[in-house]
$ cat model_3.txt   # compact mmCIF, C-alpha atoms and all ligand atoms
# COMPACT_ATOMS: atom_id res chain seq x y z
CA MET A 1 63.14 114.94 99.53
CA THR A 2 63.03 112.19 96.96
CA ASP A 3 64.46 108.79 97.61
CA THR A 4 64.84 106.96 94.36
CA ARG A 5 66.82 104.00 95.68
CA THR A 6 65.98 100.87 93.83
CA ALA A 7 64.99 97.78 95.78
CA PRO A 8 67.72 95.15 96.03
CA ARG A 9 67.58 92.49 93.33
CA ALA A 10 68.07 88.78 93.81
CA ASP A 11 71.11 88.66 91.54
CA THR A 12 73.71 86.53 93.29
CA ALA A 13 76.28 86.84 90.50
CA ARG A 14 76.36 90.58 91.12
CA ALA A 15 76.07 90.38 94.91
CA GLY A 16 78.18 93.13 96.43
CA ALA A 17 77.80 95.56 93.55
CA VAL A 18 76.87 99.13 94.42
CA VAL A 19 75.98 101.69 91.78
CA LEU A 20 75.60 105.38 92.60
CA THR A 21 74.06 107.60 89.94
CA ASP A 22 74.07 111.39 90.30
CA VAL A 23 73.68 111.13 94.06
CA VAL A 24 72.84 114.40 95.79
CA LYS A 25 72.69 114.90 99.54
CA ARG A 26 71.48 118.09 101.18
CA TYR A 27 71.22 118.64 104.91
CA GLY A 28 68.56 121.06 106.13
CA ARG A 29 66.41 123.43 104.12
CA GLY A 30 66.36 127.05 103.05
CA PRO A 31 69.32 129.41 103.30
CA GLY A 32 71.02 127.27 105.94
CA ALA A 33 70.94 124.12 103.81
CA VAL A 34 74.25 122.34 103.21
CA THR A 35 74.84 120.43 100.00
CA ALA A 36 77.23 117.69 101.08
CA LEU A 37 77.25 115.69 97.82
CA ASP A 38 76.35 116.96 94.39
CA GLY A 39 76.04 114.48 91.54
CA VAL A 40 78.24 111.60 92.67
CA SER A 41 78.29 108.71 90.22
CA LEU A 42 80.31 105.63 90.98
CA SER A 43 80.06 102.00 90.00
CA VAL A 44 81.54 99.61 92.53
CA GLU A 45 82.27 96.13 91.20
CA PRO A 46 81.54 93.08 93.35
CA GLY A 47 84.67 91.94 95.15
CA SER A 48 86.51 95.19 94.54
CA PHE A 49 88.33 97.37 97.07
CA THR A 50 87.56 101.07 96.62
CA CYS A 51 89.16 103.78 98.73
CA LEU A 52 87.55 107.20 99.09
CA LEU A 53 89.77 110.20 99.64
CA GLY A 54 89.02 113.88 99.86
CA ALA A 55 89.45 117.00 101.94
CA SER A 56 87.87 117.16 105.36
CA GLY A 57 84.13 117.79 105.08
CA CYS A 58 83.85 116.76 101.41
CA GLY A 59 81.19 114.19 102.20
CA LYS A 60 83.02 110.87 102.52
CA SER A 61 81.19 109.76 105.66
CA THR A 62 77.94 111.03 104.20
CA LEU A 63 78.47 108.85 101.17
CA LEU A 64 79.04 105.76 103.30
CA SER A 65 75.97 106.42 105.43
CA LEU A 66 73.85 106.79 102.28
CA VAL A 67 75.17 103.51 100.89
CA ALA A 68 74.44 101.91 104.27
CA GLY A 69 70.89 103.24 104.07
CA LEU A 70 71.31 105.12 107.37
CA ASP A 71 70.14 108.33 105.75
CA ASP A 72 68.01 109.31 102.74
CA ILE A 73 69.40 110.69 99.52
CA SER A 74 68.10 114.03 98.22
CA GLY A 75 68.46 113.10 94.56
CA GLY A 76 69.85 110.49 92.20
CA ALA A 77 69.90 106.77 92.94
CA ILE A 78 71.84 104.15 94.85
CA GLU A 79 71.41 100.62 93.65
CA HIS A 80 72.51 97.68 95.76
CA VAL A 81 72.42 94.20 94.47
CA ASP A 82 72.75 92.74 97.91
CA GLN A 83 71.81 93.94 101.38
CA PRO A 84 72.46 94.44 104.22
CA VAL A 85 75.87 96.06 104.32
CA ALA A 86 78.21 95.95 107.30
CA MET A 87 79.91 99.04 108.73
CA MET A 88 83.02 99.68 110.72
CA PHE A 89 84.16 103.01 112.20
CA GLN A 90 87.28 104.60 113.67
CA GLU A 91 85.96 103.83 117.15
CA SER A 92 85.34 100.15 117.74
CA ALA A 93 82.12 100.91 119.69
CA LEU A 94 82.29 97.59 121.52
CA PHE A 95 80.02 96.91 124.48
CA PRO A 96 82.37 97.29 127.47
CA TRP A 97 80.41 94.90 129.69
CA LEU A 98 80.58 92.05 127.18
CA THR A 99 83.57 89.84 126.49
CA VAL A 100 85.22 89.80 123.08
CA LEU A 101 83.24 86.67 122.27
CA GLY A 102 80.03 88.30 123.52
CA ASN A 103 80.61 91.33 121.33
CA VAL A 104 80.81 89.14 118.24
CA GLU A 105 77.97 86.88 119.32
CA ILE A 106 75.61 89.80 119.73
CA ALA A 107 75.79 90.59 116.01
CA LEU A 108 74.80 86.99 115.28
CA ARG A 109 72.04 87.11 117.87
CA VAL A 110 70.56 90.17 116.15
CA ARG A 111 70.43 88.10 112.98
CA GLY A 112 68.52 85.35 114.81
CA VAL A 113 71.34 82.79 114.79
CA GLY A 114 70.75 80.09 117.43
CA ARG A 115 72.89 79.80 120.57
CA ALA A 116 75.17 76.88 119.63
CA GLU A 117 75.73 78.12 116.09
CA ARG A 118 76.37 81.61 117.47
CA ARG A 119 79.18 80.34 119.66
CA ARG A 120 80.72 78.25 116.87
CA ARG A 121 80.58 81.07 114.32
CA ALA A 122 81.87 83.73 116.76
CA LEU A 123 84.88 81.57 117.64
CA GLU A 124 85.52 81.01 113.95
CA LEU A 125 85.40 84.78 113.31
CA LEU A 126 87.79 85.44 116.18
CA GLU A 127 90.16 82.95 114.58
CA THR A 128 89.78 84.86 111.28
CA VAL A 129 90.93 88.08 112.94
CA ARG A 130 93.58 86.17 114.94
CA LEU A 131 92.09 86.80 118.36
CA SER A 132 91.24 83.25 119.41
CA GLY A 133 93.19 83.57 122.64
CA PHE A 134 91.28 86.67 123.73
CA ALA A 135 87.69 85.46 123.53
CA HIS A 136 87.06 85.92 127.26
CA LYS A 137 88.77 89.29 127.70
CA ARG A 138 86.82 92.50 127.94
CA PRO A 139 87.43 95.44 125.57
CA HIS A 140 89.37 97.49 128.15
CA GLU A 141 91.93 94.68 128.39
CA LEU A 142 92.75 94.97 124.67
CA SER A 143 94.98 97.30 122.65
CA GLY A 144 93.40 99.68 120.12
CA GLY A 145 94.42 97.40 117.27
CA MET A 146 92.87 94.37 118.96
CA ARG A 147 89.64 96.28 119.57
CA GLN A 148 89.49 97.08 115.86
CA ARG A 149 90.00 93.38 115.10
CA VAL A 150 86.98 92.61 117.29
CA ALA A 151 85.00 95.31 115.48
CA LEU A 152 86.02 93.70 112.19
CA ALA A 153 84.92 90.27 113.42
CA ARG A 154 81.60 91.78 114.48
CA ALA A 155 81.16 93.41 111.07
CA LEU A 156 81.96 90.09 109.37
CA ALA A 157 79.35 88.39 111.59
CA GLN A 158 76.70 90.25 109.64
CA ASP A 159 77.53 88.08 106.63
CA ALA A 160 77.13 91.01 104.26
CA SER A 161 78.95 91.09 100.94
CA VAL A 162 79.60 94.82 101.25
CA LEU A 163 81.82 96.17 104.02
CA LEU A 164 81.81 99.94 104.56
CA MET A 165 84.78 101.21 106.55
CA ASP A 166 85.03 104.79 107.81
CA GLU A 167 88.65 105.47 108.77
CA PRO A 168 88.80 102.18 110.67
CA PHE A 169 92.54 102.39 111.36
CA GLY A 170 92.77 106.18 111.74
CA ALA A 171 93.52 106.08 115.46
CA LEU A 172 96.15 103.33 115.33
CA ASP A 173 99.94 103.58 115.32
CA ALA A 174 101.72 102.92 112.02
CA MET A 175 102.92 99.41 112.87
CA THR A 176 99.53 98.19 114.08
CA ARG A 177 97.92 99.75 111.05
CA ASP A 178 100.36 97.90 108.75
CA LEU A 179 99.45 94.59 110.35
CA LEU A 180 95.74 95.31 110.03
CA HIS A 181 96.20 96.22 106.37
CA ASP A 182 97.64 92.76 105.80
CA GLU A 183 94.80 91.13 107.73
CA LEU A 184 92.09 93.11 106.00
CA GLU A 185 93.55 92.34 102.58
CA ARG A 186 93.63 88.62 103.41
CA ILE A 187 90.02 88.62 104.70
CA TRP A 188 88.80 90.70 101.74
CA ARG A 189 90.27 88.16 99.31
CA GLU A 190 89.23 85.03 101.23
CA GLN A 191 85.66 86.23 101.70
CA ARG A 192 85.35 88.01 98.33
CA LEU A 193 84.03 91.13 100.02
CA THR A 194 83.27 94.40 98.33
CA VAL A 195 84.99 97.07 100.40
CA LEU A 196 84.36 100.82 100.42
CA PHE A 197 87.05 102.35 102.61
CA VAL A 198 87.21 106.01 103.67
CA THR A 199 90.59 107.38 104.71
CA HIS A 200 92.55 110.61 105.02
CA ASN A 201 95.78 108.74 104.46
CA VAL A 202 96.73 108.71 100.77
CA ARG A 203 99.34 105.98 101.16
CA GLU A 204 96.86 103.80 103.00
CA ALA A 205 94.43 104.24 100.11
CA VAL A 206 97.07 103.19 97.58
CA ARG A 207 98.28 100.33 99.80
CA LEU A 208 94.79 98.84 99.93
CA GLY A 209 92.67 99.96 97.01
CA ASP A 210 92.03 98.56 93.55
CA ARG A 211 90.84 102.06 92.92
CA VAL A 212 91.21 105.34 94.73
CA VAL A 213 88.34 107.76 94.27
CA LEU A 214 89.23 111.38 94.90
CA LEU A 215 86.28 113.57 95.89
CA SER A 216 86.22 117.32 95.41
CA SER A 217 85.85 119.72 98.32
CA ARG A 218 82.25 120.31 99.41
CA PRO A 219 79.98 119.72 97.72
CA GLY A 220 81.58 116.36 97.03
CA ARG A 221 81.81 115.20 93.44
CA VAL A 222 84.10 112.59 91.91
CA LEU A 223 87.18 114.51 90.85
CA ASN A 224 89.27 111.59 89.68
CA VAL A 225 89.47 107.82 89.87
CA TYR A 226 92.91 106.23 90.06
CA ASP A 227 93.32 102.55 89.14
CA VAL A 228 95.97 101.07 91.40
CA ASP A 229 97.62 98.59 89.10
CA LEU A 230 100.29 97.38 91.55
CA ASP A 231 100.98 93.78 92.61
CA ARG A 232 99.65 92.65 95.99
CA PRO A 233 100.49 92.45 98.77
CA ARG A 234 101.91 95.98 98.67
CA ARG A 235 104.10 97.64 101.24
CA ILE A 236 102.92 101.05 102.33
CA ASP A 237 106.54 102.28 102.24
CA SER A 238 107.38 100.83 98.81
CA ALA A 239 108.48 103.13 95.98
CA PRO A 240 105.51 102.39 93.64
CA VAL A 241 103.00 103.11 96.44
CA ALA A 242 104.85 106.30 97.37
CA THR A 243 104.99 107.47 93.73
CA LEU A 244 101.26 107.09 93.07
CA ALA A 245 100.45 108.50 96.51
CA ALA A 246 102.52 111.59 95.70
CA ASP A 247 100.52 112.16 92.48
CA ILE A 248 97.23 111.84 94.34
CA THR A 249 98.46 114.08 97.16
CA ASP A 250 99.33 116.76 94.59
CA ALA A 251 95.81 116.56 93.16
CA LEU A 252 94.30 116.71 96.64
CA ARG A 253 96.46 119.70 97.58
CA ALA A 254 95.46 121.51 94.39
CA GLU A 255 91.80 120.89 95.18
CA VAL A 256 92.11 122.08 98.78
CA GLY A 257 94.10 125.13 97.58
CA ARG A 258 91.49 125.99 94.97
CA HIS A 259 88.88 126.23 97.70
CA ALA A 260 91.10 127.96 100.26
CA GLY A 261 91.94 130.68 97.75
N1 LIG A 301 73.68 115.45 110.01
C1 LIG A 301 74.19 116.52 109.41
N2 LIG A 301 73.53 117.69 109.43
C2 LIG A 301 74.01 118.79 108.81
N3 LIG A 301 75.17 118.80 108.13
C3 LIG A 301 75.88 117.67 108.07
C4 LIG A 301 75.43 116.47 108.71
N4 LIG A 301 76.34 115.48 108.47
C5 LIG A 301 77.31 116.06 107.73
N5 LIG A 301 77.03 117.35 107.48
C6 LIG A 301 77.84 118.28 106.68
O1 LIG A 301 78.06 117.69 105.42
C7 LIG A 301 79.39 117.90 104.99
C8 LIG A 301 80.06 116.57 104.73
O2 LIG A 301 80.28 115.92 105.99
P1 LIG A 301 81.00 114.49 106.10
O3 LIG A 301 81.11 114.15 107.54
O4 LIG A 301 80.32 113.53 105.21
O5 LIG A 301 82.44 114.83 105.48
P2 LIG A 301 83.77 113.97 105.53
O6 LIG A 301 84.41 114.08 104.20
O7 LIG A 301 83.50 112.60 106.01
O8 LIG A 301 84.59 114.77 106.62
P3 LIG A 301 85.88 114.34 107.47
O9 LIG A 301 86.92 113.96 106.47
O10 LIG A 301 86.26 115.56 108.22
O11 LIG A 301 85.50 113.18 108.35
C9 LIG A 301 80.06 118.73 106.08
O12 LIG A 301 80.01 120.07 105.71
C10 LIG A 301 79.23 118.47 107.31
O13 LIG A 301 79.24 119.59 108.16
$ encode --input "model_3.txt" --output "structure tokens"
Amino acid sequence: MTDTRTAPRADTARAGAVVLTDVVKRYGRGPGAVTALDGVSLSVEPGSFTCLLGASGCGKSTLLSLVAGLDDISGGAIEHVDQPVAMMFQESALFPWLTVLGNVEIALRVRGVGRAERRRRALELLETVRLSGFAHKRPHELSGGMRQRVALARALAQDASVLLMDEPFGALDAMTRDLLHDELERIWREQRLTVLFVTHNVREAVRLGDRVVLLSSRPGRVLNVYDVDLDRPRRIDSAPVATLAADITDALRAEVGRHAG
């Protein structure tokens, strides 16, 4: 296995940029090997919001874990200008024995932030995700949407310029999801984050993304990139979002059908 990732450069103007060139990922060896990604090239601009869509099993989560450096690539290159990256998943994965505040503080503690500064910064982050009044609750006392807000605050505590999100709102009801779209969009803009967001929901991708990247069925390749040139903030149920989402859904259906047949 060759890992040709380039070391991060000290280039603050480009902080948050991620460039994938001909990325290949194979799991296992021999006849049982699975090629999850095959020649994925993608240039992610600093401060942009990119949504990744594709059929189940096309390699979306694999791509995020490679960008996060959680796994090695089998070929090609991934260049980060800035590290580390922060990740957020469908499950909030909060520590149940810690309070909301404690769950955010722990991310700061890992980074070596001192006690007083930890408290100040964690409270500030809870304000950012509009959970100031819940600092001393435990995760089981929160709704699913609130738990995802805590997970977002914890991800932001890592102070990374790149936020990788793997179906973060997939388990939430439509109304809660709508609210979190608004919050995420606000935080993305205020903090000038680069976001890579995996979803199965085409409308969600169009609601949020500057670009929607459609991956082919396994092995994943970039099938098409859609620029979402619609004014923000967008409503997920607006006609322009629905129209573009319908086009992308047609392309996705055609791709899934091509492989099913
Ligand atoms: N650790 C692993 N070992 C072996 N195969 C794996 C591993 N992780 C993923 N795969 C395979 O790689 C392919 C891509 O998986 P991945 O989870 O990245 O797809 P996905 O697009 O995120 O799927 P979904 O939309 O269903 O979440 C799948 O065929 C999966 O079975």
$ residues_near_ligand --input "model_3.txt" --ligand "ligand LIG 301 (chain A)" --cutoff "12 Å" --atoms "all atoms listed in the file" --output "count of residues only"
51
$ atom_distance --input "model_3.txt" --atom1 "CA of His136 in chain A" --atom2 "CA of Val162 in chain A"
28.5 Å
$ residues_around --input "model_3.txt" --residues "Glu190 in chain A" --least-positions-apart "6" --cutoff "12 Å" --atoms "all atoms listed in the file" --output "ChimeraX atom specification"
/A:47,128,161,183-184
$ atom_distance --input "model_3.txt" --atom1 "CA of Leu244 in chain A" --atom2 "CA of Met87 in chain A"
27.7 Å
$ residues_around --input "model_3.txt" --residues "Val206 in chain A" --least-positions-apart "5" --cutoff "7 Å" --atoms "all atoms listed in the file" --output "PyMOL selection string"
chain A and resi 212+228+241+245
$ write_last_selection --input "model_3.txt" --atoms "C-alpha atoms" --output "CSV table (one decimal), in the frame of the given file"
chain,number,residue,atom,x,y,z
A,212,VAL,CA,91.2,105.3,94.7
A,228,VAL,CA,96.0,101.1,91.4
A,241,VAL,CA,103.0,103.1,96.4
A,245,ALA,CA,100.4,108.5,96.5
$ residues_around --input "model_3.txt" --residues "Arg235 in chain A" --least-positions-apart "3" --cutoff "12 Å" --atoms "only C-alpha atoms" --output "MDAnalysis selection string"
chainID A and resid 175 177:179 181:182 185 203:208 230:232 238:242
$ closest_residue --input "model_3.txt" --among "A:Leu180, A:Ala116, A:Val256, A:Leu98" --to "His140 in chain A" --atoms "all atoms listed in the file"
A:Leu98
